[in-house]
>>> print(open('target.cif').read())   # mmCIF, C-alpha atoms
data_data
loop_
_atom_site.label_atom_id
_atom_site.label_comp_id
_atom_site.auth_asym_id
_atom_site.auth_seq_id
_atom_site.Cartn_x
_atom_site.Cartn_y
_atom_site.Cartn_z
CA MET F 1 -25.15 37.21 12.02
CA ASP F 2 -21.93 36.37 10.28
CA LYS F 3 -20.81 33.07 11.80
CA LEU F 4 -17.63 32.77 9.80
CA HIS F 5 -14.75 35.11 9.04
CA TRP F 6 -12.51 36.15 6.18
CA LEU F 7 -10.15 33.15 6.30
CA TYR F 8 -13.07 30.76 5.81
CA ASP F 9 -14.31 32.75 2.81
CA PHE F 10 -10.83 32.84 1.29
CA LEU F 11 -10.20 29.12 1.76
CA ASP F 12 -13.68 28.18 0.57
CA LEU F 13 -13.48 30.19 -2.65
CA THR F 14 -9.91 29.00 -3.24
CA GLY F 15 -11.13 25.42 -2.83
CA THR F 16 -13.97 26.14 -5.24
CA PHE F 17 -11.50 27.50 -7.79
CA VAL F 18 -9.00 24.62 -7.66
CA PHE F 19 -11.68 21.92 -7.54
CA ALA F 20 -13.34 23.53 -10.56
CA ILE F 21 -10.01 23.35 -12.39
CA SER F 22 -9.67 19.66 -11.55
CA GLY F 23 -13.22 19.02 -12.75
CA ALA F 24 -12.78 21.03 -15.93
CA ALA F 25 -9.46 19.32 -16.72
CA ALA F 26 -10.98 15.87 -16.18
CA ALA F 27 -13.97 16.75 -18.36
CA LYS F 28 -11.69 18.16 -21.07
CA GLU F 29 -9.68 14.92 -21.07
CA ARG F 30 -12.94 13.02 -21.62
CA GLY F 31 -13.80 15.19 -24.63
CA LEU F 32 -16.92 16.89 -23.21
CA ASP F 33 -18.32 20.00 -24.86
CA LEU F 34 -18.28 23.50 -23.36
CA PHE F 35 -21.47 23.01 -21.36
CA GLY F 36 -20.31 19.62 -20.11
CA ILE F 37 -16.98 21.02 -18.94
CA CYS F 38 -18.65 23.90 -17.08
CA ALA F 39 -21.26 21.59 -15.56
CA VAL F 40 -18.66 19.13 -14.27
CA ALA F 41 -16.48 21.99 -12.98
CA PHE F 42 -19.39 23.45 -10.98
CA THR F 43 -20.47 20.05 -9.70
CA VAL F 44 -16.98 19.24 -8.44
CA ALA F 45 -16.51 22.70 -6.95
CA CYS F 46 -19.85 22.97 -5.14
CA GLY F 47 -21.26 19.45 -4.83
CA GLY F 48 -19.68 18.61 -1.48
CA GLY F 49 -20.54 21.98 0.02
CA ILE F 50 -24.16 21.70 -1.07
CA ILE F 51 -24.44 18.27 0.59
CA ARG F 52 -22.89 19.70 3.78
CA ASP F 53 -25.20 22.73 3.87
CA LEU F 54 -28.27 20.54 3.46
CA CYS F 55 -27.11 18.38 6.37
CA ILE F 56 -26.37 21.26 8.78
CA GLY F 57 -29.52 23.23 7.93
CA ALA F 58 -27.82 26.05 5.99
CA ILE F 59 -30.70 26.22 3.51
CA PRO F 60 -30.70 27.13 0.72
CA PRO F 61 -27.08 26.02 0.21
CA ALA F 62 -24.49 28.74 -0.36
CA GLY F 63 -23.33 27.04 -3.54
CA LEU F 64 -26.74 27.72 -5.11
CA THR F 65 -27.52 31.15 -3.68
CA ASN F 66 -24.14 32.91 -3.52
CA TRP F 67 -23.09 34.04 -7.00
CA HIS F 68 -19.42 34.01 -6.00
CA TYR F 69 -19.34 30.20 -6.23
CA LEU F 70 -20.84 29.99 -9.71
CA PHE F 71 -18.66 32.87 -10.89
CA THR F 72 -15.49 31.32 -9.45
CA ALA F 73 -16.24 27.90 -10.94
CA THR F 74 -17.04 29.42 -14.35
CA ILE F 75 -13.84 31.48 -14.40
CA ALA F 76 -11.80 28.41 -13.42
CA ALA F 77 -13.43 26.35 -16.19
CA GLY F 78 -12.79 29.11 -18.72
CA LEU F 79 -9.15 29.45 -17.73
CA THR F 80 -8.71 25.67 -17.93
CA ILE F 81 -10.13 25.60 -21.44
CA GLY F 82 -8.22 28.68 -22.58
CA PHE F 83 -4.89 27.68 -21.10
CA TYR F 84 -5.25 23.91 -21.36
CA PRO F 85 -1.82 23.43 -22.98
CA PHE F 86 -0.29 25.13 -19.93
CA VAL F 87 -2.44 23.09 -17.52
CA GLN F 88 -1.26 19.92 -19.28
CA GLN F 89 2.35 20.83 -18.54
CA ILE F 90 1.66 20.52 -14.83
CA ASN F 91 2.39 16.96 -13.75
CA ASN F 92 -0.96 15.21 -13.32
CA PRO F 93 -2.99 18.46 -13.12
CA VAL F 94 -6.22 16.76 -12.05
CA LEU F 95 -4.51 15.02 -9.14
CA LEU F 96 -2.64 18.15 -8.05
CA PHE F 97 -5.64 20.49 -8.02
CA ASP F 98 -7.84 17.73 -6.60
CA ALA F 99 -5.43 17.28 -3.67
CA LEU F 100 -5.45 21.02 -2.95
CA GLY F 101 -9.24 21.24 -3.20
CA LEU F 102 -9.57 18.19 -0.96
CA SER F 103 -7.46 19.85 1.74
CA LEU F 104 -9.21 23.22 1.53
CA PHE F 105 -12.70 21.75 1.72
CA ALA F 106 -11.85 19.37 4.56
CA VAL F 107 -10.90 22.44 6.60
CA THR F 108 -13.78 24.72 5.59
CA GLY F 109 -16.35 21.93 5.82
CA ALA F 110 -15.42 21.20 9.43
CA GLN F 111 -15.26 24.92 10.24
CA LYS F 112 -18.73 25.68 8.92
CA THR F 113 -20.26 22.67 10.65
CA LEU F 114 -18.80 23.79 13.99
CA ALA F 115 -19.93 27.37 13.34
CA TYR F 116 -23.50 26.11 13.00
CA GLY F 117 -23.35 24.54 16.45
CA HIS F 118 -22.90 20.87 15.61
CA ASN F 119 -20.70 18.52 17.62
CA ALA F 120 -17.27 17.10 16.86
CA GLU F 121 -18.51 13.90 15.22
CA VAL F 122 -20.77 15.75 12.80
CA ALA F 123 -18.00 18.26 12.01
CA VAL F 124 -15.50 15.51 11.17
CA LEU F 125 -17.97 13.56 9.03
CA LEU F 126 -19.26 16.58 7.14
CA GLY F 127 -15.78 18.05 6.75
CA THR F 128 -14.81 14.82 5.03
CA THR F 129 -18.02 14.81 3.00
CA THR F 130 -17.41 18.37 1.84
CA ALA F 131 -13.93 17.37 0.70
CA VAL F 132 -14.80 14.18 -1.17
CA GLY F 133 -18.39 14.82 -2.30
CA GLY F 134 -17.55 16.81 -5.41
CA GLY F 135 -14.92 14.31 -6.51
CA VAL F 136 -17.38 11.44 -6.16
CA LEU F 137 -19.94 13.27 -8.29
CA ARG F 138 -17.25 14.04 -10.89
CA ASP F 139 -16.20 10.42 -11.16
CA ILE F 140 -19.82 9.26 -11.45
CA LEU F 141 -20.54 11.79 -14.21
CA LEU F 142 -17.38 10.74 -16.07
CA ASN F 143 -18.15 7.03 -15.63
CA ARG F 144 -15.18 6.28 -13.38
CA ILE F 145 -14.86 4.39 -10.12
CA PRO F 146 -14.83 7.07 -7.37
CA VAL F 147 -11.37 7.54 -5.86
CA ILE F 148 -12.67 7.08 -2.31
CA LEU F 149 -13.79 3.53 -3.17
CA GLU F 150 -10.33 2.54 -4.33
CA LYS F 151 -7.18 1.85 -2.34
CA GLU F 152 -5.72 5.37 -2.49
CA ILE F 153 -5.24 7.52 0.61
CA TYR F 154 -7.86 10.14 -0.24
CA ALA F 155 -10.83 10.29 2.10
CA SER F 156 -8.54 9.33 4.98
CA ALA F 157 -6.41 12.42 4.31
CA ALA F 158 -9.53 14.60 4.40
CA LEU F 159 -10.64 12.84 7.58
CA LEU F 160 -7.32 13.69 9.23
CA GLY F 161 -7.58 17.34 8.19
CA ALA F 162 -11.11 17.63 9.56
CA CYS F 163 -10.05 15.96 12.83
CA ILE F 164 -7.25 18.48 13.30
CA VAL F 165 -9.70 21.38 12.83
CA VAL F 166 -12.12 19.91 15.36
CA LEU F 167 -9.38 19.08 17.86
CA GLY F 168 -7.92 22.57 17.61
CA ASN F 169 -11.36 24.09 18.11
CA TYR F 170 -11.90 22.15 21.32
CA LEU F 171 -8.41 22.49 22.81
CA GLN F 172 -7.92 26.17 21.89
CA TRP F 173 -4.16 25.90 22.33
CA ILE F 174 -3.44 28.04 19.27
CA PRO F 175 -5.58 30.49 17.24
CA ASP F 176 -8.16 28.92 14.93
CA ASP F 177 -6.51 30.47 11.87
CA TRP F 178 -3.28 28.61 12.60
CA VAL F 179 -5.19 25.39 13.22
CA SER F 180 -6.77 25.74 9.79
CA ILE F 181 -3.42 26.32 8.11
CA ILE F 182 -1.82 23.36 9.90
CA ALA F 183 -4.74 21.08 9.01
CA LEU F 184 -4.57 22.24 5.40
CA MET F 185 -0.83 21.60 5.12
CA ILE F 186 -0.99 18.17 6.75
CA CYS F 187 -3.91 16.99 4.61
CA PHE F 188 -2.34 18.31 1.40
CA GLY F 189 1.09 16.94 2.32
CA LEU F 190 -0.27 13.50 3.15
CA ARG F 191 -2.19 13.30 -0.13
CA LEU F 192 0.85 14.35 -2.18
CA LEU F 193 3.18 11.99 -0.34
CA ALA F 194 0.71 9.14 -0.84
CA LEU F 195 0.63 9.89 -4.57
CA HIS F 196 4.40 10.20 -4.86
CA TYR F 197 5.32 7.13 -2.83
CA HIS F 198 2.26 5.09 -3.84
CA TRP F 199 0.99 4.71 -0.29
CA ASN F 200 -2.28 2.79 -0.33
CA LEU F 201 -4.77 1.37 2.08
CA PRO F 202 -5.03 -2.43 2.32
CA VAL F 203 -7.04 -4.12 -0.41
CA TYR F 204 -8.83 -7.38 0.32
CA ALA F 205 -9.27 -9.14 -2.99
CA ASN F 206 -11.78 -11.92 -3.33
CA ASP F 207 -9.79 -15.16 -3.25
CA LYS F 208 -12.22 -16.93 -5.55
CA ILE F 209 -12.02 -14.16 -8.18
CA ARG F 210 -8.23 -14.05 -7.87
CA SER F 211 -7.92 -17.82 -8.30
CA ASP F 212 -10.12 -17.78 -11.42
CA LYS F 213 -7.77 -15.37 -13.22
#
>>> encode(input="target.cif", output="structure tokens")
Amino acid sequence: MDKLHWLYDFLDLTGTFVFAISGAAAAKERGLDLFGICAVAFTVACGGGIIRDLCIGAIPPAGLTNWHYLFTATIAAGLTIGFYPFVQQINNPVLLFDALGLSLFAVTGAQKTLAYGHNAEVAVLLGTTTAVGGGVLRDILLNRIPVILEKEIYASAALLGACIVVLGNYLQWIPDDWVSIIALMICFGLRLLALHYHWNLPVYANDKIRSDK
């Protein structure tokens, strides 16, 4: 039985596409070859969703069995390589596409977890995991400190988006489609505002390390 509907499929594949662009652009900046760029693009696009599917029992994961995900990620990587000069003209392309992918996957991750009968806590946690998992894998592959371990408002934005989806599902005040759109806009807006105004979470530096510098 089809547990999800067209909006989920649209948002999920859109998230796959934009996350793949962010992964491909980051890999291109690091000077990886064609295979490396495609591998990083697919990992970023599908890594979080694969982790989520394993956790909720959707086995084998859609990212490995549904050809649409591999095809979408490959097309995104190819377009990024082919039109890289254009992609570079976009201000901080990796951050922009990463923010959009983060928002889309926070929504779809929570939606799919709820559709498989799990409770609110699991939906929020796995919605967040879906959103940040691919980015963490990208940063590890490219030998960078994962964004979620730094001071930036990143995982917290995804957490908020997933919470809105779960809350809307339980309250049923407005249609689920509108809840998804609202959650998407708030998560994306918060991430962009945090980047623009340099909003950060508190950082607790080690006093001994700081005094030694």
>>> closest_atom_pairs(input="target.cif", of="stretch 74-139 of chain F", to="stretch 184-187 of chain F", cutoff="10 Å", atoms="only C-alpha atoms", output="JSON lines")
{"residue": "F:Ala99", "atom": "CA", "partner": "F:Cys187", "partner_atom": "CA", "distance": 8.4}
{"residue": "F:Leu100", "atom": "CA", "partner": "F:Leu184", "partner_atom": "CA", "distance": 8.5}
{"residue": "F:Gly101", "atom": "CA", "partner": "F:Leu184", "partner_atom": "CA", "distance": 9.8}
{"residue": "F:Leu102", "atom": "CA", "partner": "F:Cys187", "partner_atom": "CA", "distance": 8.0}
{"residue": "F:Ser103", "atom": "CA", "partner": "F:Leu184", "partner_atom": "CA", "distance": 5.2}
{"residue": "F:Leu104", "atom": "CA", "partner": "F:Leu184", "partner_atom": "CA", "distance": 6.1}
{"residue": "F:Phe105", "atom": "CA", "partner": "F:Leu184", "partner_atom": "CA", "distance": 8.9}
{"residue": "F:Ala106", "atom": "CA", "partner": "F:Leu184", "partner_atom": "CA", "distance": 7.9}
{"residue": "F:Val107", "atom": "CA", "partner": "F:Leu184", "partner_atom": "CA", "distance": 6.4}
{"residue": "F:Thr108", "atom": "CA", "partner": "F:Leu184", "partner_atom": "CA", "distance": 9.5}
>>> closest_residue(input="target.cif", among="F:Val136, F:Ala120, F:Ile21, F:Ile153", to="F:Pro202", atoms="only C-alpha atoms")
F:Ile153
>>> resolve_selection(input="target.cif", expression="the PyMOL selection byres ((chain F and resi 94-98) around 9)", output="list of chain:residue names")
F:Val18, F:Phe19, F:Ala20, F:Ile21, F:Ser22, F:Gly23, F:Ala24, F:Ala25, F:Ala26, F:Ile90, F:Asn91, F:Asn92, F:Pro93, F:Ala99, F:Leu100, F:Gly101, F:Leu102, F:Ser103, F:Gly135, F:Leu192, F:Leu195
>>> atom_distance(input="target.cif", atom1="atom CA of F:Val165", atom2="atom CA of F:Ala110")
6.7 Å
>>> atom_distance(input="target.cif", atom1="atom CA of F:Ile75", atom2="atom CA of F:Phe17")
8.1 Å
>>> atom_distance(input="target.cif", atom1="atom CA of F:Val40", atom2="atom CA of F:Pro146")
14.4 Å
>>> residues_around(input="target.cif", residues="F:Val132", least_positions_apart="5", cutoff="8 Å", atoms="only C-alpha atoms", output="PyMOL selection string")
chain F and resi 48+102+148+155+158
>>> closest_atom_pairs(input="target.cif", of="stretch 106-213 of chain F", to="stretch 27-38 of chain F", cutoff="12 Å", atoms="all atoms listed in the file", output="Markdown table")
| residue | atom | partner | partner_atom | distance |
| --- | --- | --- | --- | --- |
| F:Arg138 | CA | F:Ala27 | CA | 8.6 |
| F:Asp139 | CA | F:Ala27 | CA | 9.8 |
| F:Ile140 | CA | F:Ala27 | CA | 11.8 |
| F:Leu141 | CA | F:Ala27 | CA | 9.2 |
| F:Leu142 | CA | F:Ala27 | CA | 7.3 |
| F:Asn143 | CA | F:Arg30 | CA | 9.9 |
| F:Arg144 | CA | F:Arg30 | CA | 10.9 |
>>> resolve_selection(input="target.cif", expression="the PyMOL selection byres ((chain F and resi 52-68) around 12)", output="PyMOL selection string")
chain F and resi 3+9-10+12-14+16-17+42-51+69-75+105-106+108-119+122-134
>>> axis_aligned_box(input="target.cif", around="stretch 15-19 of chain F", padding_each_side="4 Å", output="JSON")
{"center_x": -11.5, "center_y": 24.7, "center_z": -5.3, "size_x": 13.0, "size_y": 13.6, "size_z": 13.0}
>>> closest_residue(input="target.cif", among="F:Gly161, F:Gly78, F:Pro85, F:Gly15", to="F:Phe188", atoms="only C-alpha atoms")
F:Gly161
>>> residues_near_point(input="target.cif", point="(-8.0, -4.4, -2.9)", cutoff="8 Å", atoms="only C-alpha atoms", output="NGL selection string")
:F and (150-151 or 202-205)
>>> closest_residue(input="target.cif", among="F:Ile174, F:Leu79, F:Glu121, F:Trp199", to="F:Ser156", atoms="all atoms listed in the file")
F:Trp199
>>> build_atoms(input="target.cif", residues="stretch 70-102 of chain F", atoms="N, CA and C atoms", output="mmCIF file, keeping the file's coordinate frame")
data_model
loop_
_atom_site.group_PDB
_atom_site.id
_atom_site.type_symbol
_atom_site.label_atom_id
_atom_site.label_comp_id
_atom_site.auth_asym_id
_atom_site.auth_seq_id
_atom_site.Cartn_x
_atom_site.Cartn_y
_atom_site.Cartn_z
ATOM 1 N N LEU F 70 -20.629 30.233 -8.285
ATOM 2 C CA LEU F 70 -20.840 29.990 -9.710
ATOM 3 C C LEU F 70 -19.834 30.776 -10.536
ATOM 4 N N PHE F 71 -19.609 32.026 -10.163
ATOM 5 C CA PHE F 71 -18.660 32.870 -10.890
ATOM 6 C C PHE F 71 -17.253 32.291 -10.826
ATOM 7 N N THR F 72 -16.835 31.872 -9.624
ATOM 8 C CA THR F 72 -15.490 31.320 -9.450
ATOM 9 C C THR F 72 -15.315 30.040 -10.249
ATOM 10 N N ALA F 73 -16.321 29.155 -10.197
ATOM 11 C CA ALA F 73 -16.240 27.900 -10.940
ATOM 12 C C ALA F 73 -16.218 28.142 -12.449
ATOM 13 N N THR F 74 -16.997 29.112 -12.911
ATOM 14 C CA THR F 74 -17.040 29.420 -14.350
ATOM 15 C C THR F 74 -15.716 29.994 -14.824
ATOM 16 N N ILE F 75 -15.150 30.906 -14.044
ATOM 17 C CA ILE F 75 -13.840 31.480 -14.400
ATOM 18 C C ILE F 75 -12.773 30.390 -14.443
ATOM 19 N N ALA F 76 -12.786 29.495 -13.449
ATOM 20 C CA ALA F 76 -11.800 28.410 -13.420
ATOM 21 C C ALA F 76 -11.948 27.505 -14.638
ATOM 22 N N ALA F 77 -13.194 27.195 -15.017
ATOM 23 C CA ALA F 77 -13.430 26.350 -16.190
ATOM 24 C C ALA F 77 -12.948 27.058 -17.456
ATOM 25 N N GLY F 78 -13.231 28.359 -17.557
ATOM 26 C CA GLY F 78 -12.790 29.110 -18.720
ATOM 27 C C GLY F 78 -11.282 29.181 -18.846
ATOM 28 N N LEU F 79 -10.608 29.405 -17.717
ATOM 29 C CA LEU F 79 -9.150 29.450 -17.730
ATOM 30 C C LEU F 79 -8.563 28.090 -18.100
ATOM 31 N N THR F 80 -9.199 27.021 -17.607
ATOM 32 C CA THR F 80 -8.710 25.670 -17.930
ATOM 33 C C THR F 80 -8.827 25.395 -19.418
ATOM 34 N N ILE F 81 -9.942 25.799 -20.001
ATOM 35 C CA ILE F 81 -10.130 25.600 -21.440
ATOM 36 C C ILE F 81 -9.157 26.472 -22.234
ATOM 37 N N GLY F 82 -9.055 27.748 -21.840
ATOM 38 C CA GLY F 82 -8.220 28.680 -22.580
ATOM 39 C C GLY F 82 -6.735 28.406 -22.486
ATOM 40 N N PHE F 83 -6.319 27.921 -21.327
ATOM 41 C CA PHE F 83 -4.890 27.680 -21.100
ATOM 42 C C PHE F 83 -4.615 26.190 -20.883
ATOM 43 N N TYR F 84 -5.398 25.355 -21.561
ATOM 44 C CA TYR F 84 -5.250 23.910 -21.360
ATOM 45 C C TYR F 84 -3.851 23.396 -21.678
ATOM 46 N N PRO F 85 -3.192 23.884 -22.736
ATOM 47 C CA PRO F 85 -1.820 23.430 -22.980
ATOM 48 C C PRO F 85 -0.893 23.694 -21.784
ATOM 49 N N PHE F 86 -1.098 24.833 -21.115
ATOM 50 C CA PHE F 86 -0.290 25.130 -19.930
ATOM 51 C C PHE F 86 -0.659 24.206 -18.777
ATOM 52 N N VAL F 87 -1.973 23.979 -18.590
ATOM 53 C CA VAL F 87 -2.440 23.090 -17.520
ATOM 54 C C VAL F 87 -1.870 21.685 -17.718
ATOM 55 N N GLN F 88 -1.792 21.244 -18.983
ATOM 56 C CA GLN F 88 -1.260 19.920 -19.280
ATOM 57 C C GLN F 88 0.203 19.772 -18.891
ATOM 58 N N GLN F 89 0.941 20.889 -18.878
ATOM 59 C CA GLN F 89 2.350 20.830 -18.540
ATOM 60 C C GLN F 89 2.582 20.551 -17.065
ATOM 61 N N ILE F 90 1.559 20.840 -16.249
ATOM 62 C CA ILE F 90 1.660 20.520 -14.830
ATOM 63 C C ILE F 90 1.518 19.007 -14.674
ATOM 64 N N ASN F 91 2.404 18.415 -13.913
ATOM 65 C CA ASN F 91 2.390 16.960 -13.750
ATOM 66 C C ASN F 91 1.091 16.507 -13.093
ATOM 67 N N ASN F 92 0.323 15.712 -13.817
ATOM 68 C CA ASN F 92 -0.960 15.210 -13.320
ATOM 69 C C ASN F 92 -1.824 16.340 -12.760
ATOM 70 N N PRO F 93 -2.264 17.279 -13.608
ATOM 71 C CA PRO F 93 -2.990 18.460 -13.120
ATOM 72 C C PRO F 93 -4.245 18.130 -12.340
ATOM 73 N N VAL F 94 -4.990 17.115 -12.765
ATOM 74 C CA VAL F 94 -6.220 16.760 -12.050
ATOM 75 C C VAL F 94 -5.892 16.330 -10.625
ATOM 76 N N LEU F 95 -4.876 15.504 -10.467
ATOM 77 C CA LEU F 95 -4.510 15.020 -9.140
ATOM 78 C C LEU F 95 -3.993 16.139 -8.258
ATOM 79 N N LEU F 96 -3.206 17.047 -8.826
ATOM 80 C CA LEU F 96 -2.640 18.150 -8.050
ATOM 81 C C LEU F 96 -3.728 19.078 -7.539
ATOM 82 N N PHE F 97 -4.587 19.566 -8.437
ATOM 83 C CA PHE F 97 -5.640 20.490 -8.020
ATOM 84 C C PHE F 97 -6.684 19.779 -7.159
ATOM 85 N N ASP F 98 -6.906 18.506 -7.414
ATOM 86 C CA ASP F 98 -7.840 17.730 -6.600
ATOM 87 C C ASP F 98 -7.326 17.612 -5.171
ATOM 88 N N ALA F 99 -6.014 17.394 -5.009
ATOM 89 C CA ALA F 99 -5.430 17.280 -3.670
ATOM 90 C C ALA F 99 -5.548 18.595 -2.906
ATOM 91 N N LEU F 100 -5.329 19.717 -3.599
ATOM 92 C CA LEU F 100 -5.450 21.020 -2.950
ATOM 93 C C LEU F 100 -6.896 21.315 -2.585
ATOM 94 N N GLY F 101 -7.822 21.034 -3.501
ATOM 95 C CA GLY F 101 -9.240 21.240 -3.200
ATOM 96 C C GLY F 101 -9.704 20.353 -2.057
ATOM 97 N N LEU F 102 -9.237 19.120 -2.035
ATOM 98 C CA LEU F 102 -9.570 18.190 -0.960
ATOM 99 C C LEU F 102 -9.179 18.778 0.393
#
